[in-house]
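Asker: This structure is in structure tokens; I'll ask about it shortly.
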2 protein chains.
Amino acid sequence: MEILFRTAESGDLEALIHLLADDPLGTQREDISHPINQRYVESFKAIRQDPNNQLIVATVENRVIGMLQITFIPYLTHIGTWRCQVEGVRIHKEYRGKGLGKMLLDYATQEAKTKGCKIIQLTSDKQRPDALKFYTNLGFKATHEGFKKSI
Amino acid sequence: MEILFRTAESGDLEALIHLLADDPLGTQREDISHPINQRYVESFKAIRQDPNNQLIVATVENRVIGMLQITFIPYLTHIGTWRCQVEGVRIHKEYRGKGLGKMLLDYATQEAKTKGCKIIQLTSDKQRPDALKFYTNLGFKATHEGFKKSI
């Protein structure tokens, strides 16, 4: 099984929405209607146009089977350290348990290093015990509380 | 006491570094040497040049007494929702306990709404019990674990 990683293209968008929706939390909050909800199209365009945002897909035989988004953020803290933030990590259910998540995170980490980031960070919902264990096993430390608020 | 909020300018940088360093965690990891460490100068420039990043300062009689950074991030998740991420919230020790932190967060929330963000988020170190209480009182929910890893 050859897995390729690359930046997402517009032809991937519907597959990405399906990956986000095929998830216990995602199914409650995503919209898989066709044609694609215009809000996805607009956000996809904004991500593509921003040099500090990158949507990465993993493919097998041109089929999108994994995704994540990274954001490079310049901060003053830690003597002006850039960080790489990871969000929306998903692996297609047929491909879980094969180490693909780790490969995707490793790819993101390489991109982060190339950009000069010294910290990689993410938040993971406390309702996802498997994900919490996954990130801990990858060497992430849950040193922070992740606060969210709808506005 | 009239408090003004505005985007940080280059003349504020040294005051901002001192705010970041005057803190139990910050004192271990910031550099207040003069002239300013060039890494701060570079990051400050990157923040200023990025339309999705904004350093906000609170001033009293032209003195910087508070700060935070916001980052606007376009995501596919939640049907293509933009989020506003807050980092580096600091209030000068002489001005704490006067409601300035809330005013600063309210200002950031307004900026986020203007940008079209539907979620405001941040992570707070578990070693900062007062900060955790502060964000909870402002209506933030600690639904996520905040993972970090040095790379």
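Quick note on naming: the chains in the structure tokens go A, B, ... in the order shown, residues restart at 1 in each chain, and ligands are numbered from 1 in order of appearance.
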Just want the 12 Å neighbourhood of Asn62 of chain B, counted on only C-alpha atoms, with same-chain residues fewer than 3 positions away dropped. Output as a PyMOL selection string.
Answerer: chain B and resi 1-6+8-9+11-12+15+57-59+65-66
Asker: Those residues you just picked out, can you put them in a file as a CSV table (one decimal), in the first residue's frame with N, CA and C atoms?
Answerer:
```csv
chain,number,residue,atom,x,y,z
B,1,MET,N,-9.4,56.5,35.3
B,1,MET,CA,-8.4,55.8,34.5
B,1,MET,C,-8.9,55.4,33.2
B,2,GLU,N,-8.4,56.1,32.1
B,2,GLU,CA,-8.9,55.8,30.8
B,2,GLU,C,-8.0,54.8,30.1
B,3,ILE,N,-8.6,53.7,29.7
B,3,ILE,CA,-7.9,52.6,29.1
B,3,ILE,C,-8.2,52.6,27.6
B,4,LEU,N,-7.1,52.6,26.8
B,4,LEU,CA,-7.3,52.6,25.3
B,4,LEU,C,-6.8,51.2,24.8
B,5,PHE,N,-7.4,50.7,23.8
B,5,PHE,CA,-7.0,49.5,23.1
B,5,PHE,C,-6.6,49.8,21.7
B,6,ARG,N,-5.5,49.2,21.2
B,6,ARG,CA,-5.1,49.4,19.9
B,6,ARG,C,-4.1,48.3,19.4
B,8,ALA,N,-0.6,46.9,18.4
B,8,ALA,CA,0.8,47.2,18.9
B,8,ALA,C,1.6,47.8,17.8
B,9,GLU,N,2.4,48.7,18.1
B,9,GLU,CA,3.4,49.4,17.2
B,9,GLU,C,4.8,49.0,17.6
B,11,GLY,N,7.3,50.6,18.6
B,11,GLY,CA,7.7,51.3,19.8
B,11,GLY,C,7.3,50.6,21.1
B,12,ASP,N,6.3,49.7,20.9
B,12,ASP,CA,5.8,49.0,22.1
B,12,ASP,C,6.5,47.7,22.4
B,15,ALA,N,8.3,47.0,25.9
B,15,ALA,CA,7.3,46.9,26.9
B,15,ALA,C,6.5,45.6,26.9
B,57,VAL,N,-2.8,45.9,22.3
B,57,VAL,CA,-2.3,46.4,23.6
B,57,VAL,C,-3.3,47.2,24.3
B,58,ALA,N,-3.3,47.2,25.6
B,58,ALA,CA,-4.1,48.1,26.4
B,58,ALA,C,-3.2,49.2,27.0
B,59,THR,N,-3.5,50.5,26.9
B,59,THR,CA,-2.7,51.5,27.4
B,59,THR,C,-3.4,52.4,28.4
B,65,ILE,N,0.0,48.5,29.4
B,65,ILE,CA,-0.3,47.8,30.7
B,65,ILE,C,-1.0,46.5,30.5
B,66,GLY,N,-1.2,46.1,29.2
B,66,GLY,CA,-1.8,44.8,28.9
B,66,GLY,C,-1.6,44.4,27.5
```
Asker: With only C-alpha atoms considered, list every residue of chain A at most 7 Å from chain B, as an MDAnalysis selection string.
Answerer: chainID A and resid 20 29:31 39:40 43:44 46:47 74:80 88 118:126 139:151
Asker: Please provide chain B as a PDB file with C-alpha atoms, in the first residue's frame, once it has been superposed on chain A by least squares across all sequentially paired Cα atoms.
Answerer:
```pdb
ATOM      1  CA  MET B   1      -0.013   0.000  -0.002  1.00  0.00           C
ATOM      2  CA  GLU B   2       1.706   3.181  -1.181  1.00  0.00           C
ATOM      3  CA  ILE B   3       0.607   6.267   0.726  1.00  0.00           C
ATOM      4  CA  LEU B   4       1.262   9.712  -0.695  1.00  0.00           C
ATOM      5  CA  PHE B   5       1.022  13.030   1.141  1.00  0.00           C
ATOM      6  CA  ARG B   6       0.316  16.319  -0.564  1.00  0.00           C
ATOM      7  CA  THR B   7      -1.499  19.648  -0.224  1.00  0.00           C
ATOM      8  CA  ALA B   8      -5.248  19.347  -0.778  1.00  0.00           C
ATOM      9  CA  GLU B   9      -6.646  20.485  -4.134  1.00  0.00           C
ATOM     10  CA  SER B  10     -10.168  21.697  -4.877  1.00  0.00           C
ATOM     11  CA  GLY B  11     -11.114  18.298  -6.313  1.00  0.00           C
ATOM     12  CA  ASP B  12     -10.508  16.794  -2.851  1.00  0.00           C
ATOM     13  CA  LEU B  13     -13.017  18.982  -1.034  1.00  0.00           C
ATOM     14  CA  GLU B  14     -16.013  16.648  -1.103  1.00  0.00           C
ATOM     15  CA  ALA B  15     -13.876  13.730   0.138  1.00  0.00           C
ATOM     16  CA  LEU B  16     -12.554  15.928   2.959  1.00  0.00           C
ATOM     17  CA  ILE B  17     -16.067  16.891   4.075  1.00  0.00           C
ATOM     18  CA  HIS B  18     -17.035  13.213   4.131  1.00  0.00           C
ATOM     19  CA  LEU B  19     -13.990  12.395   6.260  1.00  0.00           C
ATOM     20  CA  LEU B  20     -14.927  15.156   8.722  1.00  0.00           C
ATOM     21  CA  ALA B  21     -18.538  13.991   8.881  1.00  0.00           C
ATOM     22  CA  ASP B  22     -17.737  10.291   9.314  1.00  0.00           C
ATOM     23  CA  ASP B  23     -16.938  10.661  12.986  1.00  0.00           C
ATOM     24  CA  PRO B  24     -19.038  10.549  16.193  1.00  0.00           C
ATOM     25  CA  LEU B  25     -18.611  14.300  16.819  1.00  0.00           C
ATOM     26  CA  GLY B  26     -18.347  15.384  13.184  1.00  0.00           C
ATOM     27  CA  THR B  27     -21.619  13.761  12.179  1.00  0.00           C
ATOM     28  CA  GLN B  28     -23.446  16.188  14.478  1.00  0.00           C
ATOM     29  CA  ARG B  29     -21.908  19.309  13.020  1.00  0.00           C
ATOM     30  CA  GLU B  30     -20.916  18.834   9.361  1.00  0.00           C
ATOM     31  CA  ASP B  31     -23.043  19.034   6.201  1.00  0.00           C
ATOM     32  CA  ILE B  32     -22.520  16.378   3.529  1.00  0.00           C
ATOM     33  CA  SER B  33     -25.249  17.650   1.209  1.00  0.00           C
ATOM     34  CA  HIS B  34     -24.536  17.879  -2.512  1.00  0.00           C
ATOM     35  CA  PRO B  35     -23.758  20.329  -4.095  1.00  0.00           C
ATOM     36  CA  ILE B  36     -21.194  21.262  -1.453  1.00  0.00           C
ATOM     37  CA  ASN B  37     -22.278  23.827   1.143  1.00  0.00           C
ATOM     38  CA  GLN B  38     -20.742  27.113  -0.035  1.00  0.00           C
ATOM     39  CA  ARG B  39     -19.274  27.766   3.403  1.00  0.00           C
ATOM     40  CA  TYR B  40     -16.847  24.872   2.886  1.00  0.00           C
ATOM     41  CA  VAL B  41     -15.883  26.266  -0.512  1.00  0.00           C
ATOM     42  CA  GLU B  42     -15.177  29.705   0.957  1.00  0.00           C
ATOM     43  CA  SER B  43     -13.101  28.361   3.850  1.00  0.00           C
ATOM     44  CA  PHE B  44     -11.184  26.039   1.543  1.00  0.00           C
ATOM     45  CA  LYS B  45     -10.298  29.034  -0.629  1.00  0.00           C
ATOM     46  CA  ALA B  46      -9.181  31.049   2.415  1.00  0.00           C
ATOM     47  CA  ILE B  47      -6.963  28.183   3.594  1.00  0.00           C
ATOM     48  CA  ARG B  48      -5.414  27.744   0.146  1.00  0.00           C
ATOM     49  CA  GLN B  49      -4.673  31.461  -0.191  1.00  0.00           C
ATOM     50  CA  ASP B  50      -3.008  31.781   3.213  1.00  0.00           C
ATOM     51  CA  PRO B  51       0.704  30.875   3.190  1.00  0.00           C
ATOM     52  CA  ASN B  52       0.437  30.112   6.928  1.00  0.00           C
ATOM     53  CA  ASN B  53      -2.285  27.496   6.460  1.00  0.00           C
ATOM     54  CA  GLN B  54      -1.934  24.138   4.773  1.00  0.00           C
ATOM     55  CA  LEU B  55      -4.447  21.323   4.318  1.00  0.00           C
ATOM     56  CA  ILE B  56      -2.601  18.039   3.919  1.00  0.00           C
ATOM     57  CA  VAL B  57      -4.144  14.878   2.522  1.00  0.00           C
ATOM     58  CA  ALA B  58      -2.954  11.286   2.544  1.00  0.00           C
ATOM     59  CA  THR B  59      -3.924   9.275  -0.530  1.00  0.00           C
ATOM     60  CA  VAL B  60      -3.849   5.640  -1.607  1.00  0.00           C
ATOM     61  CA  GLU B  61      -4.288   5.136  -5.364  1.00  0.00           C
ATOM     62  CA  ASN B  62      -5.568   8.717  -5.663  1.00  0.00           C
ATOM     63  CA  ARG B  63      -8.226   8.141  -3.009  1.00  0.00           C
ATOM     64  CA  VAL B  64      -8.150  10.568  -0.053  1.00  0.00           C
ATOM     65  CA  ILE B  65      -7.912   8.448   3.097  1.00  0.00           C
ATOM     66  CA  GLY B  66      -6.562  10.945   5.628  1.00  0.00           C
ATOM     67  CA  MET B  67      -6.298  14.660   6.324  1.00  0.00           C
ATOM     68  CA  LEU B  68      -5.141  17.334   8.702  1.00  0.00           C
ATOM     69  CA  GLN B  69      -4.724  21.086   8.696  1.00  0.00           C
ATOM     70  CA  ILE B  70      -1.662  22.917   9.943  1.00  0.00           C
ATOM     71  CA  THR B  71      -1.383  26.602  10.782  1.00  0.00           C
ATOM     72  CA  PHE B  72       1.981  28.311  11.253  1.00  0.00           C
ATOM     73  CA  ILE B  73       1.727  31.074  13.864  1.00  0.00           C
ATOM     74  CA  PRO B  74       4.397  33.648  14.761  1.00  0.00           C
ATOM     75  CA  TYR B  75       4.373  34.490  18.484  1.00  0.00           C
ATOM     76  CA  LEU B  76       6.363  36.800  20.722  1.00  0.00           C
ATOM     77  CA  THR B  77       6.329  34.225  23.560  1.00  0.00           C
ATOM     78  CA  HIS B  78       9.316  31.866  24.020  1.00  0.00           C
ATOM     79  CA  ILE B  79      11.587  34.568  22.524  1.00  0.00           C
ATOM     80  CA  GLY B  80       9.627  34.969  19.318  1.00  0.00           C
ATOM     81  CA  THR B  81       8.926  31.332  18.544  1.00  0.00           C
ATOM     82  CA  TRP B  82       6.808  30.186  15.599  1.00  0.00           C
ATOM     83  CA  ARG B  83       4.424  27.348  16.381  1.00  0.00           C
ATOM     84  CA  CYS B  84       2.653  24.836  14.215  1.00  0.00           C
ATOM     85  CA  GLN B  85      -0.921  24.110  15.166  1.00  0.00           C
ATOM     86  CA  VAL B  86      -2.664  20.940  14.021  1.00  0.00           C
ATOM     87  CA  GLU B  87      -6.427  20.582  13.559  1.00  0.00           C
ATOM     88  CA  GLY B  88      -8.963  18.315  11.887  1.00  0.00           C
ATOM     89  CA  VAL B  89      -6.936  15.099  11.913  1.00  0.00           C
ATOM     90  CA  ARG B  90      -8.995  12.320  10.315  1.00  0.00           C
ATOM     91  CA  ILE B  91      -8.253   8.850   8.938  1.00  0.00           C
ATOM     92  CA  HIS B  92     -10.824   6.983   6.836  1.00  0.00           C
ATOM     93  CA  LYS B  93     -12.368   4.183   8.946  1.00  0.00           C
ATOM     94  CA  GLU B  94     -11.154   1.475   6.559  1.00  0.00           C
ATOM     95  CA  TYR B  95      -7.575   2.608   7.108  1.00  0.00           C
ATOM     96  CA  ARG B  96      -7.443   3.063  10.877  1.00  0.00           C
ATOM     97  CA  GLY B  97      -5.058   1.121  13.122  1.00  0.00           C
ATOM     98  CA  LYS B  98      -2.359   0.906  10.420  1.00  0.00           C
ATOM     99  CA  GLY B  99      -0.091   3.680  11.679  1.00  0.00           C
ATOM    100  CA  LEU B 100      -1.385   6.251   9.181  1.00  0.00           C
ATOM    101  CA  GLY B 101      -2.171   8.822  11.870  1.00  0.00           C
ATOM    102  CA  LYS B 102       1.428   8.748  13.035  1.00  0.00           C
ATOM    103  CA  MET B 103       2.672   9.078   9.443  1.00  0.00           C
ATOM    104  CA  LEU B 104       0.404  12.083   8.907  1.00  0.00           C
ATOM    105  CA  LEU B 105       1.631  13.746  12.114  1.00  0.00           C
ATOM    106  CA  ASP B 106       5.249  12.988  11.165  1.00  0.00           C
ATOM    107  CA  TYR B 107       4.664  14.645   7.793  1.00  0.00           C
ATOM    108  CA  ALA B 108       3.140  17.696   9.512  1.00  0.00           C
ATOM    109  CA  THR B 109       6.103  17.833  11.907  1.00  0.00           C
ATOM    110  CA  GLN B 110       8.528  17.901   8.978  1.00  0.00           C
ATOM    111  CA  GLU B 111       6.583  20.748   7.366  1.00  0.00           C
ATOM    112  CA  ALA B 112       6.657  22.598  10.701  1.00  0.00           C
ATOM    113  CA  LYS B 113      10.422  22.180  11.040  1.00  0.00           C
ATOM    114  CA  THR B 114      10.949  23.405   7.486  1.00  0.00           C
ATOM    115  CA  LYS B 115       8.958  26.515   8.393  1.00  0.00           C
ATOM    116  CA  GLY B 116      11.152  27.042  11.497  1.00  0.00           C
ATOM    117  CA  CYS B 117       8.539  26.128  14.123  1.00  0.00           C
ATOM    118  CA  LYS B 118       9.887  24.972  17.487  1.00  0.00           C
ATOM    119  CA  ILE B 119       6.580  23.869  19.018  1.00  0.00           C
ATOM    120  CA  ILE B 120       3.799  21.733  17.558  1.00  0.00           C
ATOM    121  CA  GLN B 121       0.457  21.950  19.328  1.00  0.00           C
ATOM    122  CA  LEU B 122      -3.154  20.861  19.076  1.00  0.00           C
ATOM    123  CA  THR B 123      -6.229  20.466  21.197  1.00  0.00           C
ATOM    124  CA  SER B 124      -8.185  17.236  21.378  1.00  0.00           C
ATOM    125  CA  ASP B 125     -11.736  16.871  22.640  1.00  0.00           C
ATOM    126  CA  LYS B 126     -11.876  15.176  26.062  1.00  0.00           C
ATOM    127  CA  GLN B 127     -14.652  12.995  24.589  1.00  0.00           C
ATOM    128  CA  ARG B 128     -12.058  11.285  22.348  1.00  0.00           C
ATOM    129  CA  PRO B 129     -10.125   8.943  24.708  1.00  0.00           C
ATOM    130  CA  ASP B 130      -8.421   7.109  21.816  1.00  0.00           C
ATOM    131  CA  ALA B 131      -7.164  10.379  20.327  1.00  0.00           C
ATOM    132  CA  LEU B 132      -5.861  11.552  23.725  1.00  0.00           C
ATOM    133  CA  LYS B 133      -3.903   8.297  24.060  1.00  0.00           C
ATOM    134  CA  PHE B 134      -2.675   8.560  20.468  1.00  0.00           C
ATOM    135  CA  TYR B 135      -1.166  12.039  20.984  1.00  0.00           C
ATOM    136  CA  THR B 136       0.334  11.072  24.348  1.00  0.00           C
ATOM    137  CA  ASN B 137       2.024   8.093  22.674  1.00  0.00           C
ATOM    138  CA  LEU B 138       3.464  10.449  20.040  1.00  0.00           C
ATOM    139  CA  GLY B 139       5.185  12.455  22.792  1.00  0.00           C
ATOM    140  CA  PHE B 140       2.679  15.298  23.155  1.00  0.00           C
ATOM    141  CA  LYS B 141       2.138  16.556  26.716  1.00  0.00           C
ATOM    142  CA  ALA B 142      -1.329  17.653  27.850  1.00  0.00           C
ATOM    143  CA  THR B 143       0.089  20.580  29.823  1.00  0.00           C
ATOM    144  CA  HIS B 144      -2.777  22.945  28.970  1.00  0.00           C
ATOM    145  CA  GLU B 145      -6.536  23.171  29.218  1.00  0.00           C
ATOM    146  CA  GLY B 146      -8.144  23.767  25.838  1.00  0.00           C
ATOM    147  CA  PHE B 147     -10.889  26.382  26.232  1.00  0.00           C
ATOM    148  CA  LYS B 148     -13.542  27.115  23.571  1.00  0.00           C
ATOM    149  CA  LYS B 149     -16.450  29.526  23.474  1.00  0.00           C
ATOM    150  CA  SER B 150     -19.068  30.145  20.799  1.00  0.00           C
ATOM    151  CA  ILE B 151     -19.444  33.825  19.942  1.00  0.00           C
TER     152      ILE B 151
END
```
Asker: Can you check which residues of chain A DSSP gives as alpha helix (DSSP H) on the backbone and send them as a VMD selection string?
Answerer: chain A and resid 13 to 21 38 to 49 77 to 80 100 to 115 129 to 137
